[in-house]
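Raw entry_7.txt, compact mmCIF, N, CA and C atoms:
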# COMPACT_ATOMS: atom_id res chain seq x y z
N MET A 945 164.99 149.63 170.29
CA MET A 945 164.01 150.36 169.51
C MET A 945 163.58 149.57 168.28
N ALA A 946 164.56 148.92 167.62
CA ALA A 946 164.22 148.15 166.43
C ALA A 946 163.33 146.97 166.79
N GLY A 947 163.56 146.39 167.97
CA GLY A 947 162.71 145.28 168.42
C GLY A 947 161.29 145.73 168.66
N ASP A 948 161.13 146.96 169.16
CA ASP A 948 159.79 147.50 169.38
C ASP A 948 159.04 147.64 168.06
N THR A 949 159.73 148.15 167.05
CA THR A 949 159.10 148.31 165.73
C THR A 949 158.72 146.95 165.17
N GLY A 950 159.59 145.97 165.33
CA GLY A 950 159.29 144.62 164.86
C GLY A 950 158.05 144.04 165.52
N GLU A 951 157.92 144.25 166.81
CA GLU A 951 156.73 143.77 167.53
C GLU A 951 155.48 144.51 167.05
N ARG A 952 155.60 145.81 166.82
CA ARG A 952 154.45 146.58 166.34
C ARG A 952 154.04 146.11 164.95
N ILE A 953 155.01 145.79 164.10
CA ILE A 953 154.70 145.30 162.76
C ILE A 953 154.00 143.96 162.82
N LYS A 954 154.40 143.07 163.72
CA LYS A 954 153.72 141.78 163.88
C LYS A 954 152.25 142.00 164.25
N ILE A 955 152.01 142.95 165.14
CA ILE A 955 150.63 143.26 165.54
C ILE A 955 149.86 143.81 164.34
N VAL A 956 150.50 144.67 163.55
CA VAL A 956 149.86 145.25 162.37
C VAL A 956 149.48 144.16 161.37
N ILE A 957 150.36 143.22 161.16
CA ILE A 957 150.08 142.13 160.21
C ILE A 957 148.89 141.31 160.70
N GLY A 958 148.88 140.96 161.96
CA GLY A 958 147.74 140.23 162.52
C GLY A 958 146.45 141.02 162.41
N TYR A 959 146.53 142.32 162.69
CA TYR A 959 145.35 143.17 162.58
C TYR A 959 144.85 143.24 161.14
N ALA A 960 145.76 143.37 160.18
CA ALA A 960 145.36 143.45 158.77
C ALA A 960 144.66 142.17 158.32
N ILE A 961 145.18 141.03 158.76
CA ILE A 961 144.53 139.76 158.43
C ILE A 961 143.15 139.69 159.07
N TRP A 962 143.06 140.08 160.34
CA TRP A 962 141.78 140.04 161.06
C TRP A 962 140.77 141.00 160.42
N ALA A 963 141.21 142.22 160.07
CA ALA A 963 140.31 143.19 159.44
C ALA A 963 139.82 142.66 158.10
N THR A 964 140.69 141.99 157.36
CA THR A 964 140.29 141.39 156.08
C THR A 964 139.23 140.31 156.30
N LEU A 965 139.44 139.46 157.28
CA LEU A 965 138.48 138.40 157.57
C LEU A 965 137.13 138.98 158.03
N CYS A 966 137.17 140.02 158.86
CA CYS A 966 135.92 140.64 159.33
C CYS A 966 135.17 141.30 158.18
N ALA A 967 135.90 142.00 157.32
CA ALA A 967 135.27 142.64 156.16
C ALA A 967 134.69 141.59 155.22
N ALA A 968 135.43 140.50 155.03
CA ALA A 968 134.94 139.42 154.16
C ALA A 968 133.68 138.77 154.75
N ALA A 969 133.68 138.51 156.04
CA ALA A 969 132.52 137.89 156.68
C ALA A 969 131.29 138.79 156.56
N ALA A 970 131.48 140.08 156.80
CA ALA A 970 130.36 141.03 156.69
C ALA A 970 129.85 141.07 155.26
N GLY A 971 130.76 141.12 154.31
CA GLY A 971 130.36 141.16 152.90
C GLY A 971 129.66 139.89 152.45
N ILE A 972 130.13 138.75 152.92
CA ILE A 972 129.50 137.48 152.54
C ILE A 972 128.10 137.40 153.14
N ALA A 973 127.94 137.88 154.36
CA ALA A 973 126.60 137.90 154.97
C ALA A 973 125.64 138.76 154.15
N VAL A 974 126.11 139.92 153.73
CA VAL A 974 125.27 140.79 152.90
C VAL A 974 125.02 140.14 151.54
N SER A 975 126.00 139.44 151.01
CA SER A 975 125.81 138.74 149.73
C SER A 975 124.71 137.68 149.83
N PHE A 976 124.69 136.93 150.92
CA PHE A 976 123.63 135.94 151.11
C PHE A 976 122.27 136.61 151.20
N ILE A 977 122.20 137.68 151.97
CA ILE A 977 120.92 138.40 152.12
C ILE A 977 120.48 138.96 150.77
N HIS A 978 121.43 139.56 150.04
CA HIS A 978 121.12 140.14 148.74
C HIS A 978 120.61 139.08 147.77
N THR A 979 121.33 137.97 147.71
CA THR A 979 120.96 136.91 146.76
C THR A 979 119.61 136.28 147.12
N ALA A 980 119.38 136.08 148.40
CA ALA A 980 118.15 135.40 148.83
C ALA A 980 116.92 136.28 148.74
N PHE A 981 117.07 137.58 149.02
CA PHE A 981 115.88 138.42 149.16
C PHE A 981 115.77 139.59 148.20
N PHE A 982 116.88 140.05 147.62
CA PHE A 982 116.84 141.27 146.84
C PHE A 982 117.19 141.11 145.37
N SER A 983 117.58 139.92 144.94
CA SER A 983 117.95 139.74 143.54
C SER A 983 117.01 138.76 142.86
N TYR A 984 116.90 138.93 141.55
CA TYR A 984 116.08 138.02 140.77
C TYR A 984 116.97 136.91 140.24
N HIS A 985 116.55 135.69 140.39
CA HIS A 985 117.24 134.56 139.79
C HIS A 985 116.20 133.55 139.35
N ALA A 986 116.33 133.12 138.09
CA ALA A 986 115.32 132.26 137.47
C ALA A 986 115.31 130.84 138.03
N GLY A 987 116.39 130.41 138.56
CA GLY A 987 116.46 129.03 139.07
C GLY A 987 117.64 128.86 140.00
N ARG A 988 117.86 127.59 140.37
CA ARG A 988 118.94 127.28 141.31
C ARG A 988 120.30 127.68 140.74
N HIS A 989 120.53 127.42 139.47
CA HIS A 989 121.81 127.77 138.85
C HIS A 989 122.05 129.28 138.93
N GLU A 990 121.06 130.06 138.61
CA GLU A 990 121.20 131.52 138.65
C GLU A 990 121.42 132.02 140.08
N PHE A 991 120.75 131.38 141.05
CA PHE A 991 120.95 131.74 142.45
C PHE A 991 122.42 131.61 142.83
N TRP A 992 123.03 130.47 142.50
CA TRP A 992 124.43 130.23 142.84
C TRP A 992 125.37 131.13 142.05
N ARG A 993 125.01 131.43 140.79
CA ARG A 993 125.85 132.33 140.00
C ARG A 993 125.87 133.73 140.60
N VAL A 994 124.69 134.25 140.96
CA VAL A 994 124.61 135.58 141.57
C VAL A 994 125.36 135.60 142.89
N LEU A 995 125.17 134.58 143.71
CA LEU A 995 125.86 134.51 145.00
C LEU A 995 127.37 134.45 144.79
N PHE A 996 127.83 133.64 143.86
CA PHE A 996 129.26 133.53 143.59
C PHE A 996 129.83 134.87 143.14
N ASP A 997 129.15 135.55 142.22
CA ASP A 997 129.62 136.85 141.75
C ASP A 997 129.71 137.86 142.88
N ASP A 998 128.70 137.88 143.76
CA ASP A 998 128.71 138.79 144.90
C ASP A 998 129.87 138.49 145.85
N VAL A 999 130.08 137.21 146.13
CA VAL A 999 131.14 136.82 147.06
C VAL A 999 132.51 137.15 146.49
N VAL A 1000 132.71 136.94 145.21
CA VAL A 1000 134.00 137.26 144.59
C VAL A 1000 134.29 138.76 144.71
N ALA A 1001 133.31 139.58 144.42
CA ALA A 1001 133.48 141.03 144.56
C ALA A 1001 133.77 141.40 146.01
N THR A 1002 133.06 140.78 146.93
CA THR A 1002 133.25 141.04 148.35
C THR A 1002 134.66 140.69 148.80
N LEU A 1003 135.17 139.56 148.37
CA LEU A 1003 136.52 139.15 148.77
C LEU A 1003 137.58 140.09 148.21
N GLY A 1004 137.37 140.59 147.01
CA GLY A 1004 138.30 141.57 146.45
C GLY A 1004 138.30 142.86 147.24
N ILE A 1005 137.13 143.33 147.62
CA ILE A 1005 137.03 144.56 148.42
C ILE A 1005 137.65 144.34 149.79
N ALA A 1006 137.39 143.20 150.41
CA ALA A 1006 137.97 142.90 151.73
C ALA A 1006 139.49 142.86 151.65
N ALA A 1007 140.04 142.29 150.58
CA ALA A 1007 141.49 142.26 150.41
C ALA A 1007 142.05 143.67 150.30
N GLY A 1008 141.34 144.54 149.60
CA GLY A 1008 141.77 145.94 149.51
C GLY A 1008 141.74 146.63 150.85
N GLN A 1009 140.72 146.35 151.65
CA GLN A 1009 140.66 146.94 152.98
C GLN A 1009 141.79 146.41 153.86
N GLY A 1010 142.12 145.13 153.72
CA GLY A 1010 143.25 144.58 154.45
C GLY A 1010 144.55 145.26 154.06
N ALA A 1011 144.69 145.56 152.77
CA ALA A 1011 145.90 146.26 152.31
C ALA A 1011 145.97 147.67 152.89
N VAL A 1012 144.83 148.35 152.96
CA VAL A 1012 144.79 149.69 153.58
C VAL A 1012 145.17 149.58 155.05
N ALA A 1013 144.63 148.58 155.76
CA ALA A 1013 144.96 148.39 157.17
C ALA A 1013 146.44 148.10 157.35
N LEU A 1014 147.01 147.27 156.49
CA LEU A 1014 148.43 146.93 156.57
C LEU A 1014 149.30 148.14 156.29
N LEU A 1015 148.99 148.88 155.25
CA LEU A 1015 149.80 150.04 154.89
C LEU A 1015 149.72 151.13 155.97
N SER A 1016 148.51 151.46 156.38
CA SER A 1016 148.38 152.52 157.39
C SER A 1016 148.96 152.08 158.73
N GLY A 1017 148.74 150.83 159.11
CA GLY A 1017 149.31 150.33 160.36
C GLY A 1017 150.83 150.31 160.32
N SER A 1018 151.40 149.96 159.17
CA SER A 1018 152.86 149.95 159.03
C SER A 1018 153.44 151.36 159.16
N ILE A 1019 152.78 152.32 158.54
CA ILE A 1019 153.24 153.71 158.65
C ILE A 1019 153.16 154.17 160.11
N LEU A 1020 152.06 153.85 160.77
CA LEU A 1020 151.92 154.22 162.18
C LEU A 1020 152.99 153.56 163.03
N ALA A 1021 153.32 152.29 162.75
CA ALA A 1021 154.36 151.59 163.50
C ALA A 1021 155.72 152.25 163.29
N GLN A 1022 156.00 152.67 162.06
CA GLN A 1022 157.27 153.35 161.79
C GLN A 1022 157.34 154.70 162.50
N LEU A 1023 156.18 155.30 162.75
CA LEU A 1023 156.13 156.58 163.47
C LEU A 1023 156.14 156.38 164.99
N GLY A 1024 156.28 155.14 165.43
CA GLY A 1024 156.36 154.86 166.86
C GLY A 1024 155.02 154.63 167.53
N ARG A 1025 153.97 154.52 166.77
CA ARG A 1025 152.64 154.28 167.35
C ARG A 1025 152.33 152.79 167.28
N SER A 1026 151.56 152.31 168.23
CA SER A 1026 151.17 150.90 168.23
C SER A 1026 149.66 150.79 168.22
N LEU A 1027 149.18 149.69 167.69
CA LEU A 1027 147.73 149.45 167.62
C LEU A 1027 147.27 148.80 168.91
N ARG A 1028 146.14 149.25 169.41
CA ARG A 1028 145.52 148.70 170.61
C ARG A 1028 144.16 148.13 170.24
N ALA A 1029 143.72 147.13 170.96
CA ALA A 1029 142.39 146.52 170.78
C ALA A 1029 142.14 146.15 169.32
N THR A 1030 143.09 145.44 168.73
CA THR A 1030 142.99 145.12 167.31
C THR A 1030 141.81 144.21 166.99
N VAL A 1031 141.40 143.37 167.92
CA VAL A 1031 140.23 142.53 167.67
C VAL A 1031 139.00 143.42 167.50
N LEU A 1032 138.86 144.38 168.38
CA LEU A 1032 137.74 145.32 168.29
C LEU A 1032 137.83 146.16 167.01
N LEU A 1033 139.02 146.60 166.65
CA LEU A 1033 139.19 147.40 165.43
C LEU A 1033 138.74 146.60 164.20
N GLY A 1034 139.14 145.34 164.11
CA GLY A 1034 138.73 144.51 162.98
C GLY A 1034 137.22 144.32 162.94
N LEU A 1035 136.63 144.13 164.13
CA LEU A 1035 135.17 144.00 164.18
C LEU A 1035 134.49 145.30 163.74
N LEU A 1036 135.08 146.44 164.08
CA LEU A 1036 134.52 147.73 163.64
C LEU A 1036 134.58 147.86 162.12
N VAL A 1037 135.66 147.40 161.51
CA VAL A 1037 135.77 147.42 160.05
C VAL A 1037 134.64 146.58 159.45
N GLY A 1038 134.45 145.37 159.97
CA GLY A 1038 133.38 144.51 159.48
C GLY A 1038 132.00 145.09 159.72
N LEU A 1039 131.79 145.68 160.89
CA LEU A 1039 130.49 146.28 161.19
C LEU A 1039 130.19 147.44 160.25
N PHE A 1040 131.20 148.29 160.00
CA PHE A 1040 131.00 149.41 159.09
C PHE A 1040 130.63 148.89 157.70
N ASP A 1041 131.35 147.87 157.23
CA ASP A 1041 131.05 147.28 155.92
C ASP A 1041 129.62 146.76 155.86
N PHE A 1042 129.23 146.00 156.90
CA PHE A 1042 127.90 145.41 156.91
C PHE A 1042 126.83 146.50 156.86
N VAL A 1043 126.96 147.49 157.72
CA VAL A 1043 125.94 148.55 157.78
C VAL A 1043 125.88 149.32 156.46
N MET A 1044 127.03 149.68 155.91
CA MET A 1044 127.04 150.45 154.66
C MET A 1044 126.44 149.63 153.51
N ASN A 1045 126.87 148.38 153.38
CA ASN A 1045 126.37 147.54 152.29
C ASN A 1045 124.90 147.21 152.45
N PHE A 1046 124.47 146.93 153.67
CA PHE A 1046 123.07 146.62 153.89
C PHE A 1046 122.20 147.85 153.61
N LEU A 1047 122.66 149.00 154.05
CA LEU A 1047 121.90 150.23 153.79
C LEU A 1047 121.76 150.48 152.29
N GLN A 1048 122.83 150.31 151.55
CA GLN A 1048 122.79 150.53 150.11
C GLN A 1048 121.92 149.49 149.41
N MET A 1049 121.85 148.29 149.96
CA MET A 1049 121.01 147.26 149.37
C MET A 1049 119.54 147.52 149.69
N ALA A 1050 119.25 147.89 150.93
CA ALA A 1050 117.87 148.10 151.35
C ALA A 1050 117.29 149.42 150.86
N VAL A 1051 118.16 150.44 150.71
CA VAL A 1051 117.72 151.76 150.24
C VAL A 1051 118.60 152.12 149.03
N PRO A 1052 118.20 151.69 147.84
CA PRO A 1052 119.05 151.87 146.65
C PRO A 1052 119.44 153.33 146.36
N ARG A 1053 118.68 154.28 146.83
CA ARG A 1053 119.03 155.69 146.58
C ARG A 1053 120.34 156.08 147.26
N THR A 1054 120.77 155.31 148.26
CA THR A 1054 122.02 155.62 148.96
C THR A 1054 123.24 155.07 148.22
N GLU A 1055 123.03 154.30 147.17
CA GLU A 1055 124.14 153.75 146.38
C GLU A 1055 124.80 154.87 145.60
N LEU A 1056 126.10 155.05 145.80
CA LEU A 1056 126.83 156.14 145.15
C LEU A 1056 127.59 155.70 143.91
N GLY A 1057 127.82 154.42 143.76
CA GLY A 1057 128.63 153.90 142.66
C GLY A 1057 129.89 153.26 143.20
N TRP A 1058 130.59 152.54 142.34
CA TRP A 1058 131.75 151.77 142.78
C TRP A 1058 132.87 152.64 143.34
N VAL A 1059 133.26 153.66 142.62
CA VAL A 1059 134.43 154.46 143.05
C VAL A 1059 134.17 155.14 144.39
N PRO A 1060 133.05 155.87 144.55
CA PRO A 1060 132.82 156.48 145.87
C PRO A 1060 132.69 155.43 146.99
N ASP A 1061 132.08 154.29 146.70
CA ASP A 1061 131.96 153.25 147.71
C ASP A 1061 133.33 152.74 148.15
N LEU A 1062 134.20 152.48 147.20
CA LEU A 1062 135.54 151.99 147.53
C LEU A 1062 136.34 153.03 148.30
N VAL A 1063 136.19 154.30 147.92
CA VAL A 1063 136.89 155.37 148.65
C VAL A 1063 136.36 155.45 150.08
N ILE A 1064 135.05 155.37 150.26
CA ILE A 1064 134.47 155.42 151.60
C ILE A 1064 134.97 154.26 152.45
N LEU A 1065 135.01 153.05 151.89
CA LEU A 1065 135.48 151.89 152.65
C LEU A 1065 136.97 152.02 153.00
N ALA A 1066 137.77 152.54 152.07
CA ALA A 1066 139.20 152.73 152.36
C ALA A 1066 139.40 153.79 153.44
N VAL A 1067 138.68 154.89 153.34
CA VAL A 1067 138.82 155.96 154.34
C VAL A 1067 138.34 155.48 155.71
N ALA A 1068 137.26 154.71 155.74
CA ALA A 1068 136.77 154.17 157.01
C ALA A 1068 137.80 153.23 157.64
N THR A 1069 138.40 152.37 156.84
CA THR A 1069 139.43 151.47 157.35
C THR A 1069 140.62 152.25 157.86
N LEU A 1070 141.04 153.27 157.13
CA LEU A 1070 142.14 154.13 157.56
C LEU A 1070 141.80 154.82 158.88
N ALA A 1071 140.59 155.38 158.97
CA ALA A 1071 140.18 156.10 160.18
C ALA A 1071 140.11 155.17 161.38
N ILE A 1072 139.58 153.97 161.20
CA ILE A 1072 139.50 153.01 162.30
C ILE A 1072 140.90 152.61 162.75
N THR A 1073 141.81 152.42 161.81
CA THR A 1073 143.18 152.06 162.15
C THR A 1073 143.87 153.18 162.93
N VAL A 1074 143.74 154.39 162.45
CA VAL A 1074 144.37 155.53 163.13
C VAL A 1074 143.75 155.72 164.52
N PHE A 1075 142.43 155.57 164.60
CA PHE A 1075 141.73 155.71 165.87
C PHE A 1075 142.25 154.71 166.90
N GLY A 1076 142.62 153.52 166.45
CA GLY A 1076 143.10 152.48 167.36
C GLY A 1076 144.58 152.53 167.67
N SER A 1077 145.27 153.53 167.18
CA SER A 1077 146.71 153.61 167.44
C SER A 1077 146.98 154.54 168.62
N ARG A 1078 148.02 154.21 169.35
CA ARG A 1078 148.44 155.01 170.50
C ARG A 1078 149.95 155.11 170.52
N ARG A 1079 150.41 156.24 171.01
CA ARG A 1079 151.84 156.39 171.26
C ARG A 1079 152.14 155.67 172.56
N PRO A 1080 153.17 154.85 172.59
CA PRO A 1080 153.49 154.13 173.83
C PRO A 1080 153.78 155.11 174.97
N ALA A 1081 153.37 154.73 176.16
CA ALA A 1081 153.63 155.56 177.33
C ALA A 1081 155.13 155.60 177.60
N ALA A 1082 155.59 156.75 178.02
CA ALA A 1082 157.01 156.91 178.33
C ALA A 1082 157.33 156.11 179.59
N VAL A 1083 158.45 155.44 179.57
CA VAL A 1083 158.88 154.66 180.71
C VAL A 1083 159.58 155.60 181.67
N PRO A 1084 159.16 155.67 182.93
CA PRO A 1084 159.83 156.57 183.86
C PRO A 1084 161.24 156.10 184.15
N PRO A 1085 162.13 157.05 184.41
CA PRO A 1085 163.53 156.64 184.69
C PRO A 1085 163.59 155.80 185.97
N ALA A 1086 164.53 154.88 185.99
CA ALA A 1086 164.70 154.00 187.14
C ALA A 1086 165.21 154.80 188.33
N ARG A 1087 164.69 154.47 189.50
CA ARG A 1087 165.14 155.14 190.73
C ARG A 1087 166.41 154.47 191.23
N PRO A 1088 167.35 155.28 191.70
CA PRO A 1088 168.55 154.66 192.27
C PRO A 1088 168.19 154.00 193.60
N SER A 1089 168.83 152.85 193.88
CA SER A 1089 168.51 152.18 195.13
C SER A 1089 169.43 152.53 196.25
The structure given in the file should be rewritten as structure tokens.
Amino acid sequence: MAGDTGERIKIVIGYAIWATLCAAAAGIAVSFIHTAFFSYHAGRHEFWRVLFDDVVATLGIAAGQGAVALLSGSILAQLGRSLRATVLLGLLVGLFDFVMNFLQMAVPRTELGWVPDLVILAVATLAITVFGSRRPAAVPPARPS
């Protein structure tokens, strides 16, 4: 049983890293779009400053989402649940981030502020993680020969 939990934790760690990378990639893509098309910058220096500031914020948010994925996945593993299709789950985290951030950039009225945005991203990461967890199937008893 302890070996099973150890294997589930290894999967959770890999998933948390993958979810962090997917969230970061989605955020960086939105940062490039934002800097190139939606922000004012007086020159090349300002362009890079705005892009750098956006990317730094994005990486911090992605790290937080990875922490949520790690914590929730660890709790699920301790409860005997395992994560399935972790590659897809990480991609879903990134897709949710991209859609939410792009929508808020393209339609500013949908921007709720930092705290509600961070709560929404954390809850979405938690929901995606829980959605991807399954209780292992019971092993049928061995038949006598």
- Task: Identify which of the residues A:Val956, A:Leu1056, A:Leu1065, A:Leu965 lies closest to Leu1003 in chain A, counting only C-alpha atoms when measuring atom-to-atom distances.
- Result: A:Leu965
- Query: Counting only C-alpha atoms, which of A:His985, A:Arg1053, A:Lys954, A:Arg1028 gets nearest to Ile1072 in chain A?
  - Reply: A:Arg1028
- Which parts of range 1020-1088 of chain A does DSSP call alpha helix (DSSP H) when run on the backbone here, written out as number ranges by chain? A: 1020-1022, 1030-1050, 1058-1075
- If you run DSSP on this backbone, which residues of chain A come out as strand (DSSP E or B), and could you give them as a ChimeraX atom specification? /A:1026-1027,1077-1078
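Proximity of A:Leu1033, A:Ile953, A:Val994, A:Val999 to Gly971 in chain A, computed with all atoms listed in the file, is greatest for A:Val999.
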- How far is it from CA of Ser983 in chain A to CA of Pro1060 in chain A, in Å with one decimal? 22.5 Å
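With CA of Gly1076 in chain A on one side and atom C of Ile1019 in chain A on the other, the separation reads 12.5 Å.
With only C-alpha atoms as the atoms that count, the minimum distance from Met1049 in chain A to the choices A:Ala1071, A:Ala970, A:Ile977, A:Ala963 is reached by A:Ile977.
When all atoms listed in the file are used to measure the gap to Ala968 in chain A, the shortest distance among A:Pro1080, A:Gly1057, A:Gly1038, A:Gly1017 belongs to A:Gly1038.
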Contact residues around Ala1066 in chain A with all atoms listed in the file at 8 Å, ignoring same-chain residues under 3 positions, as a PDB file with N, CA and C atoms, keeping the file's coordinate frame:
ATOM      1  N   GLY A1008     141.340 144.540 149.600  1.00  0.00           N
ATOM      2  CA  GLY A1008     141.770 145.940 149.510  1.00  0.00           C
ATOM      3  C   GLY A1008     141.740 146.630 150.850  1.00  0.00           C
ATOM      4  N   GLN A1009     140.720 146.350 151.650  1.00  0.00           N
ATOM      5  CA  GLN A1009     140.660 146.940 152.980  1.00  0.00           C
ATOM      6  C   GLN A1009     141.790 146.410 153.860  1.00  0.00           C
ATOM      7  N   VAL A1012     144.830 148.350 152.960  1.00  0.00           N
ATOM      8  CA  VAL A1012     144.790 149.690 153.580  1.00  0.00           C
ATOM      9  C   VAL A1012     145.170 149.580 155.050  1.00  0.00           C
ATOM     10  N   ALA A1013     144.630 148.580 155.760  1.00  0.00           N
ATOM     11  CA  ALA A1013     144.960 148.390 157.170  1.00  0.00           C
ATOM     12  C   ALA A1013     146.440 148.100 157.350  1.00  0.00           C
ATOM     13  N   PRO A1060     133.050 155.870 144.550  1.00  0.00           N
ATOM     14  CA  PRO A1060     132.820 156.480 145.870  1.00  0.00           C
ATOM     15  C   PRO A1060     132.690 155.430 146.990  1.00  0.00           C
ATOM     16  N   ASP A1061     132.080 154.290 146.700  1.00  0.00           N
ATOM     17  CA  ASP A1061     131.960 153.250 147.710  1.00  0.00           C
ATOM     18  C   ASP A1061     133.330 152.740 148.150  1.00  0.00           C
ATOM     19  N   LEU A1062     134.200 152.480 147.200  1.00  0.00           N
ATOM     20  CA  LEU A1062     135.540 151.990 147.530  1.00  0.00           C
ATOM     21  C   LEU A1062     136.340 153.030 148.300  1.00  0.00           C
ATOM     22  N   VAL A1063     136.190 154.300 147.920  1.00  0.00           N
ATOM     23  CA  VAL A1063     136.890 155.370 148.650  1.00  0.00           C
ATOM     24  C   VAL A1063     136.360 155.450 150.080  1.00  0.00           C
ATOM     25  N   THR A1069     138.400 152.370 156.840  1.00  0.00           N
ATOM     26  CA  THR A1069     139.430 151.470 157.350  1.00  0.00           C
ATOM     27  C   THR A1069     140.620 152.250 157.860  1.00  0.00           C
ATOM     28  N   LEU A1070     141.040 153.270 157.130  1.00  0.00           N
ATOM     29  CA  LEU A1070     142.140 154.130 157.560  1.00  0.00           C
ATOM     30  C   LEU A1070     141.800 154.820 158.880  1.00  0.00           C
ATOM     31  N   ALA A1071     140.590 155.380 158.970  1.00  0.00           N
ATOM     32  CA  ALA A1071     140.180 156.100 160.180  1.00  0.00           C
ATOM     33  C   ALA A1071     140.110 155.170 161.380  1.00  0.00           C
ATOM     34  N   ILE A1072     139.580 153.970 161.200  1.00  0.00           N
ATOM     35  CA  ILE A1072     139.500 153.010 162.300  1.00  0.00           C
ATOM     36  C   ILE A1072     140.900 152.610 162.750  1.00  0.00           C
TER      37      ILE A1072
END
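Going from CA of Gly1024 in chain A to CA of Thr949 in chain A covers 7.2 Å.
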Would you fill the gaps in range 1043-1049 of chain A so it has all heavy atoms, then print it as a compact mmCIF listing (two decimals), in the frame of the given file?
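File selection.txt, as written:
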# COMPACT_ATOMS: atom_id res chain seq x y z
N VAL A 1043 126.96 147.49 157.72
CA VAL A 1043 125.94 148.55 157.78
C VAL A 1043 125.88 149.32 156.46
O VAL A 1043 124.79 149.55 155.92
CB VAL A 1043 126.21 149.51 158.97
CG1 VAL A 1043 125.33 150.74 158.90
CG2 VAL A 1043 126.00 148.77 160.28
N MET A 1044 127.03 149.68 155.91
CA MET A 1044 127.04 150.45 154.66
C MET A 1044 126.44 149.63 153.51
O MET A 1044 125.59 150.12 152.77
CB MET A 1044 128.46 150.87 154.31
CG MET A 1044 128.54 151.68 153.04
SD MET A 1044 130.22 152.19 152.72
CE MET A 1044 130.23 152.09 150.94
N ASN A 1045 126.87 148.38 153.38
CA ASN A 1045 126.37 147.54 152.29
C ASN A 1045 124.90 147.21 152.45
O ASN A 1045 124.15 147.19 151.47
CB ASN A 1045 127.20 146.27 152.17
CG ASN A 1045 128.60 146.55 151.67
OD1 ASN A 1045 128.83 147.48 150.92
ND2 ASN A 1045 129.54 145.74 152.12
N PHE A 1046 124.47 146.93 153.67
CA PHE A 1046 123.07 146.62 153.89
C PHE A 1046 122.20 147.85 153.61
O PHE A 1046 121.14 147.73 152.99
CB PHE A 1046 122.83 146.13 155.32
CG PHE A 1046 121.43 145.62 155.53
CD1 PHE A 1046 121.11 144.32 155.18
CD2 PHE A 1046 120.45 146.43 156.06
CE1 PHE A 1046 119.82 143.84 155.34
CE2 PHE A 1046 119.16 145.97 156.22
CZ PHE A 1046 118.84 144.67 155.87
N LEU A 1047 122.66 149.00 154.05
CA LEU A 1047 121.90 150.23 153.79
C LEU A 1047 121.76 150.48 152.29
O LEU A 1047 120.68 150.81 151.80
CB LEU A 1047 122.57 151.43 154.47
CG LEU A 1047 121.91 152.78 154.25
CD1 LEU A 1047 120.53 152.81 154.91
CD2 LEU A 1047 122.78 153.89 154.81
N GLN A 1048 122.83 150.31 151.55
CA GLN A 1048 122.79 150.53 150.11
C GLN A 1048 121.92 149.49 149.41
O GLN A 1048 121.31 149.78 148.39
CB GLN A 1048 124.19 150.53 149.52
CG GLN A 1048 124.97 151.76 149.92
CD GLN A 1048 126.36 151.77 149.34
OE1 GLN A 1048 126.89 150.74 148.93
NE2 GLN A 1048 126.96 152.93 149.30
N MET A 1049 121.85 148.29 149.96
CA MET A 1049 121.01 147.26 149.37
C MET A 1049 119.54 147.52 149.69
O MET A 1049 118.67 147.40 148.82
CB MET A 1049 121.42 145.89 149.93
CG MET A 1049 120.60 144.74 149.44
SD MET A 1049 121.15 143.18 150.18
CE MET A 1049 121.02 143.54 151.93
